[in-house]
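Down below is the structure, laid out as structure tokens.
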Amino acid sequence: MTKAVSIVTVSYDTFFFLRLLVDKVRELIGSRSYELIIIDRGSRDGTREWLRAQPDVRVLTAKPNRRGHGHGEAAELGVANARYEHVVLLDSDAHPIDRMWLTLTVDRLDNHHRLAGGVFRGMHKANPHHWYIHPHFMAFHKTDLGNEITLRKMPGQDLDTGELATIRLLDAGLGILGYPIEFCAAFDVGHPHFPTLTAGVFHAWYGTRLRKDTRTVQTETNGAVTDANYLAPLQKRLRQVYALDY
């Protein structure tokens, strides 16, 4: 059964990737009812002006949180304002590339299966399962927000964004539809692990974070991800493959 869907993403100076996300959602949404909700956290790169001209996009504003990450809280704001029961959360540097992306996830949600998306494997001490649905692409029920579904990072816990949702659902005996996160060779720009593809959704990884937190990204990747050797070649490749004029 094809289900109506609210697609939520958080933006902060991510014009290139966000516009690509919006364009690809429109192309691959099919005939289902949908809405696009963008929570902007104070962009100054033309994102807000472009969004205001898009008739199928609802724009919400969240102030930057100087005391913490803030991304998860902004995502929860978007979900709380969603019109539809079924919600997809996408990172702004992700976008669908296959028409099956919602058939595999949203359309398979039911009373038992409450969450779907890409499986990320980690070894956080607070997560006994050592895997979780990564928040760059999560499909879930709006009514679970604030209960099993929590998108923000919880103070004092060694858990990534969205990880607590996986733990709570599994502990409650509920179902999760997980798909492998695989290297996307079509957009190979020299890194052995990303960009990636999962359940029909592409994710750049670091595509929007690199310019905001350059030092941390370079530390995490041992210098393998920089503007020169990753972001610029990736954007060039995306422009070539999709014939983009922006």
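Ligands are numbered from 1 in the order shown, chains are lettered A, B, ... in the order of the structure tokens, and residues start at 1 in each chain.
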
Handout entry: Contacts of A:Thr221 within 12 Å, only C-alpha atoms, excl. fewer than 3 positions in-chain, as a list in words
Key = His191, Pro192, His193, Phe194, Trp205, Tyr206, Leu210, Thr214, Arg215, Thr216, Val217, Gln218, Ala224, Val225, Thr226 and Tyr230 of chain A

Give me a file of those residues, with C-alpha atoms, as a compact mmCIF listing (two decimals), in the first residue's frame.
# COMPACT_ATOMS: atom_id res chain seq x y z
CA HIS A 191 37.41 7.44 -0.23
CA PRO A 192 37.04 3.69 0.42
CA HIS A 193 33.93 3.91 2.63
CA PHE A 194 31.72 6.75 1.40
CA TRP A 205 28.75 11.78 4.60
CA TYR A 206 30.55 14.90 5.78
CA LEU A 210 33.10 19.48 6.58
CA THR A 214 36.80 21.05 9.44
CA ARG A 215 39.26 20.16 12.18
CA THR A 216 37.05 17.49 13.78
CA VAL A 217 36.26 15.90 10.43
CA GLN A 218 39.92 15.72 9.48
CA ALA A 224 41.24 11.62 4.26
CA VAL A 225 38.26 13.99 4.01
CA THR A 226 39.01 17.56 3.03
CA TYR A 230 36.48 14.90 -1.13

Handout entry: Within 8 Å of stretch 96-106 of chain A using only C-alpha atoms, minus same-chain residues under 4 positions, as an MDAnalysis selection string
Key = chainID A and resid 2:3 5 21 24:25 28:30 86:88 116:117 139:140 177 199:202

Problem - Backbone-only DSSP, helix (DSSP H, G or I) members of stretch 41-125 of chain A, as an NGL selection string - result: :A and (47-52 or 71-80 or 106-108)

Mind dumping the selected residues with C-alpha atoms as a PDB file, in the first residue's frame?
ATOM      1  CA  THR A  47      19.193  28.518   1.105  1.00  0.00           C
ATOM      2  CA  ARG A  48      16.369  30.425   2.768  1.00  0.00           C
ATOM      3  CA  GLU A  49      15.702  32.632  -0.267  1.00  0.00           C
ATOM      4  CA  TRP A  50      15.562  29.615  -2.579  1.00  0.00           C
ATOM      5  CA  LEU A  51      13.296  27.665  -0.225  1.00  0.00           C
ATOM      6  CA  ARG A  52      10.785  30.502  -0.017  1.00  0.00           C
ATOM      7  CA  HIS A  71      20.317  19.086  14.975  1.00  0.00           C
ATOM      8  CA  GLY A  72      18.197  16.430  16.674  1.00  0.00           C
ATOM      9  CA  GLU A  73      16.032  19.004  18.418  1.00  0.00           C
ATOM     10  CA  ALA A  74      15.422  20.737  15.084  1.00  0.00           C
ATOM     11  CA  ALA A  75      14.499  17.413  13.491  1.00  0.00           C
ATOM     12  CA  GLU A  76      12.009  16.737  16.269  1.00  0.00           C
ATOM     13  CA  LEU A  77      10.440  20.156  15.631  1.00  0.00           C
ATOM     14  CA  GLY A  78       9.917  19.196  12.005  1.00  0.00           C
ATOM     15  CA  VAL A  79       8.401  15.828  12.856  1.00  0.00           C
ATOM     16  CA  ALA A  80       6.070  17.398  15.424  1.00  0.00           C
ATOM     17  CA  VAL A 106       7.637   3.743   4.547  1.00  0.00           C
ATOM     18  CA  ASP A 107       5.259   1.345   2.816  1.00  0.00           C
ATOM     19  CA  ARG A 108       6.489  -1.570   4.943  1.00  0.00           C
TER      20      ARG A 108
END

Which parts of stretch 94-186 of chain A does DSSP call strand (DSSP E or B) when run on the backbone here, written out as a PDB file with C-alpha atoms, in the first residue's frame?
ATOM      1  CA  ALA A  94      21.353  12.697   1.391  1.00  0.00           C
ATOM      2  CA  HIS A  95      18.893  12.152  -1.458  1.00  0.00           C
ATOM      3  CA  PRO A  96      16.916   9.305  -3.074  1.00  0.00           C
ATOM      4  CA  HIS A 113       7.510  -2.543  12.278  1.00  0.00           C
ATOM      5  CA  ARG A 114       8.003   0.980  13.608  1.00  0.00           C
ATOM      6  CA  LEU A 115      11.319   2.046  12.084  1.00  0.00           C
ATOM      7  CA  ALA A 116      13.175   1.503   8.800  1.00  0.00           C
ATOM      8  CA  GLY A 117      16.438   2.699   7.300  1.00  0.00           C
ATOM      9  CA  GLY A 118      20.155   2.041   7.023  1.00  0.00           C
ATOM     10  CA  VAL A 119      21.952  -0.080   9.618  1.00  0.00           C
ATOM     11  CA  PHE A 120      25.061   1.525  11.104  1.00  0.00           C
ATOM     12  CA  ARG A 121      27.284  -0.706  13.237  1.00  0.00           C
ATOM     13  CA  TRP A 131      23.933  -1.404  15.667  1.00  0.00           C
ATOM     14  CA  TYR A 132      21.232   1.160  15.017  1.00  0.00           C
ATOM     15  CA  ILE A 133      19.269   2.852  12.252  1.00  0.00           C
ATOM     16  CA  HIS A 134      21.367   5.816  11.203  1.00  0.00           C
ATOM     17  CA  PRO A 135      19.475   9.139  11.156  1.00  0.00           C
ATOM     18  CA  HIS A 136      20.623  10.153   7.668  1.00  0.00           C
ATOM     19  CA  PHE A 137      17.640   8.079   6.473  1.00  0.00           C
ATOM     20  CA  MET A 138      14.965   6.969   8.925  1.00  0.00           C
ATOM     21  CA  ALA A 139      11.320   6.129   8.259  1.00  0.00           C
ATOM     22  CA  PHE A 140       8.979   5.895  11.251  1.00  0.00           C
ATOM     23  CA  HIS A 141       5.558   6.688  12.731  1.00  0.00           C
ATOM     24  CA  LEU A 145       7.926  10.687  18.571  1.00  0.00           C
ATOM     25  CA  ILE A 149      11.426   7.613  18.715  1.00  0.00           C
ATOM     26  CA  GLY A 175      10.226  -4.616  14.574  1.00  0.00           C
ATOM     27  CA  ILE A 176      12.851  -2.672  12.658  1.00  0.00           C
ATOM     28  CA  LEU A 177      13.503  -2.906   8.915  1.00  0.00           C
ATOM     29  CA  GLY A 178      17.237  -2.470   8.457  1.00  0.00           C
ATOM     30  CA  TYR A 179      19.160  -2.253   5.191  1.00  0.00           C
ATOM     31  CA  PRO A 180      22.938  -2.409   4.719  1.00  0.00           C
ATOM     32  CA  GLU A 182      27.062   0.114   1.186  1.00  0.00           C
ATOM     33  CA  PHE A 183      29.715   2.079  -0.672  1.00  0.00           C
TER      34      PHE A 183
END

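From atom CA of A:Thr166 back to atom CA of A:Arg19, the distance works out to 29.4 Å.
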
Practice task
Could you check how far atom CA of A:Gly46 sits from atom CA of A:Asp13, in Å to one decimal?
Solution key: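 These two atoms are separated by 7.9 Å.
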
Handout entry: Closest of A:Asp91, A:Asp23, A:Asp171, A:Glu35 to A:Asp56 - atom-to-atom distances counting only C-alpha atoms
Key =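 Checking each candidate against A:Asp56, we get A:Glu35 as the closest.
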
Fill in the blank from the handout: Atom pair atom CA of A:Gln157 + atom CA of A:Leu90, distance 23.3 Å

Problem - Non-local contacts of A:Asp188 (9 Å; only C-alpha atoms; under 6 positions in same chain excluded) as a list in words - result: Phe194, Pro195, Leu234 and Arg237 of chain A

Problem - Shortest interatomic distance to A:Pro233 - which of A:Leu159, A:Val8, A:Leu109, A:Val189, counting only C-alpha atoms - result: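 Using only C-alpha atoms, the shortest distance to A:Pro233 belongs to A:Val189.
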
Practice task
Considering only C-alpha atoms, state which residue in the set A:Leu231, A:Ala185, A:Ala53, A:Gln240 is at the smallest distance from A:Thr208.
Solution key: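 Of A:Leu231, A:Ala185, A:Ala53, A:Gln240, the one nearest A:Thr208 is A:Leu231, counting only C-alpha atoms.
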
Problem - From A:Ile38, A:Leu164, A:Val22, A:Val59, residue lying nearest A:Pro128 [only C-alpha atoms] - result: A:Leu164

Exercise for the section: Have a look at A:Glu148, A:Glu85, A:Asp93, A:Asp160 and name the one nearest to A:Gln235; count only C-alpha atoms. Expected result: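 So, comparing all the options, the nearest one is A:Asp93.
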
Exercise for the section: Skip A:Asp158 itself and residues of its chain fewer than 6 positions away, then list as an MDAnalysis selection string all residues within 12 Å of it, counting only C-alpha atoms. Expected result: chainID A and resid 122:128 164

Mind dumping the selected residues with C-alpha atoms as a PDB file, in the first residue's frame?
ATOM      1  CA  GLY A 122      29.078   0.730  16.244  1.00  0.00           C
ATOM      2  CA  MET A 123      30.370  -0.287  19.641  1.00  0.00           C
ATOM      3  CA  HIS A 124      28.935   2.321  21.979  1.00  0.00           C
ATOM      4  CA  LYS A 125      28.887   0.997  25.541  1.00  0.00           C
ATOM      5  CA  ALA A 126      25.304   2.087  26.130  1.00  0.00           C
ATOM      6  CA  ASN A 127      24.037   0.135  23.112  1.00  0.00           C
ATOM      7  CA  PRO A 128      23.951  -3.625  23.800  1.00  0.00           C
ATOM      8  CA  LEU A 164      18.214   5.498  21.428  1.00  0.00           C
TER       9      LEU A 164
END

Problem - Nearest-residue call for A:Arg44, choices A:His129, A:Tyr12, A:Leu244, A:His203, using only C-alpha atoms - result: A:Tyr12
